[in-house]
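Input: a single structure, listed below in structure tokens.
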Amino acid sequence: MKKLAAFFLILTFLISCNTQKAFSEFDFSYSKAGGYAPMYENLLIKDNKVFYSLESNGKKTRKKFKISDAELQNIDKVLSENQFRKIIEDRKKIYDRASITITVKKGENSGSKSDASLIMAVDQKKWENIVEVFQKIIDNNVNNTK
């Protein structure tokens, strides 16, 4: 009986480690979190594979899907055109609002930016263009398939 209990404990540990793998290995990450009624939205892209999760109002949504090479190239194009790495984050603290964090671990646009403290006005349009490319992926692959 002790061996069986140990087996299930080890199995549970291995499964929990494997589920975290989706969150650690990605090329692009879009996450939105916070607000008065907290919500947590994640879009993780590795190659053409996408993992999406949303937790809001006590509901959880998880989806896995694929995107095309053209969509991946569009992400890179939008990041480059809008100079992702040069976007300047404001340092003023803002609370009780949902903030967006975008992390790029691949290519010349590698870096991480967040609007948790807002984006400087001069870069706001660039930030909105970048956010829009990720939001379109969510809209086209998650919101339209309900």
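In the structure tokens, chains take letters A, B, ... by order of appearance, with residues numbered from 1 within each chain and ligands from 1 in the order shown.
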Using the chain letters and numbers from this document, which residues of segment 22-137 of chain A does DSSP assign to strand (DSSP E), as a PyMOL selection string?
chain A and resi 28-34+39-46+49-56+59-66+98-104+111-114
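Minimum atom-to-atom distance to Asp115 of chain A, evaluated using only C-alpha atoms, belongs to A:Tyr30 out of A:Phe65, A:Tyr30, A:Tyr40, A:Phe51.
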Among A:Asp27, A:Lys136, A:Lys60, A:Asn129, Glu108 of chain A is approached most closely, using only C-alpha atoms, by A:Asp27
Can you list, as a ChimeraX atom specification, all residues belonging to chain A that DSSP tags as alpha helix (DSSP H)?
/A:2-24,69-81,124-141
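Relative to atom CA of Ala33 of chain A, atom CA of Lys49 of chain A is found at 22.1 Å.
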As a ChimeraX atom specification, please: the residues near Ile94 of chain A (cut-off 8 Å, only C-alpha atoms, same-chain neighbours under 5 positions excluded).
/A:116-118
Writing out the chosen residues with N, CA and C atoms as an mmCIF file, in the first residue's frame:
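As a result, part08.cif now contains:
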```cif
data_model
loop_
_atom_site.group_PDB
_atom_site.id
_atom_site.type_symbol
_atom_site.label_atom_id
_atom_site.label_comp_id
_atom_site.auth_asym_id
_atom_site.auth_seq_id
_atom_site.Cartn_x
_atom_site.Cartn_y
_atom_site.Cartn_z
ATOM 1 N N ALA A 116 1.630 47.913 -17.183
ATOM 2 C CA ALA A 116 1.173 47.960 -15.791
ATOM 3 C C ALA A 116 1.334 49.364 -15.213
ATOM 4 N N SER A 117 2.351 50.070 -15.646
ATOM 5 C CA SER A 117 2.555 51.456 -15.221
ATOM 6 C C SER A 117 2.355 52.399 -16.403
ATOM 7 N N LEU A 118 1.629 51.959 -17.378
ATOM 8 C CA LEU A 118 1.346 52.667 -18.625
ATOM 9 C C LEU A 118 2.568 52.697 -19.545
#
```
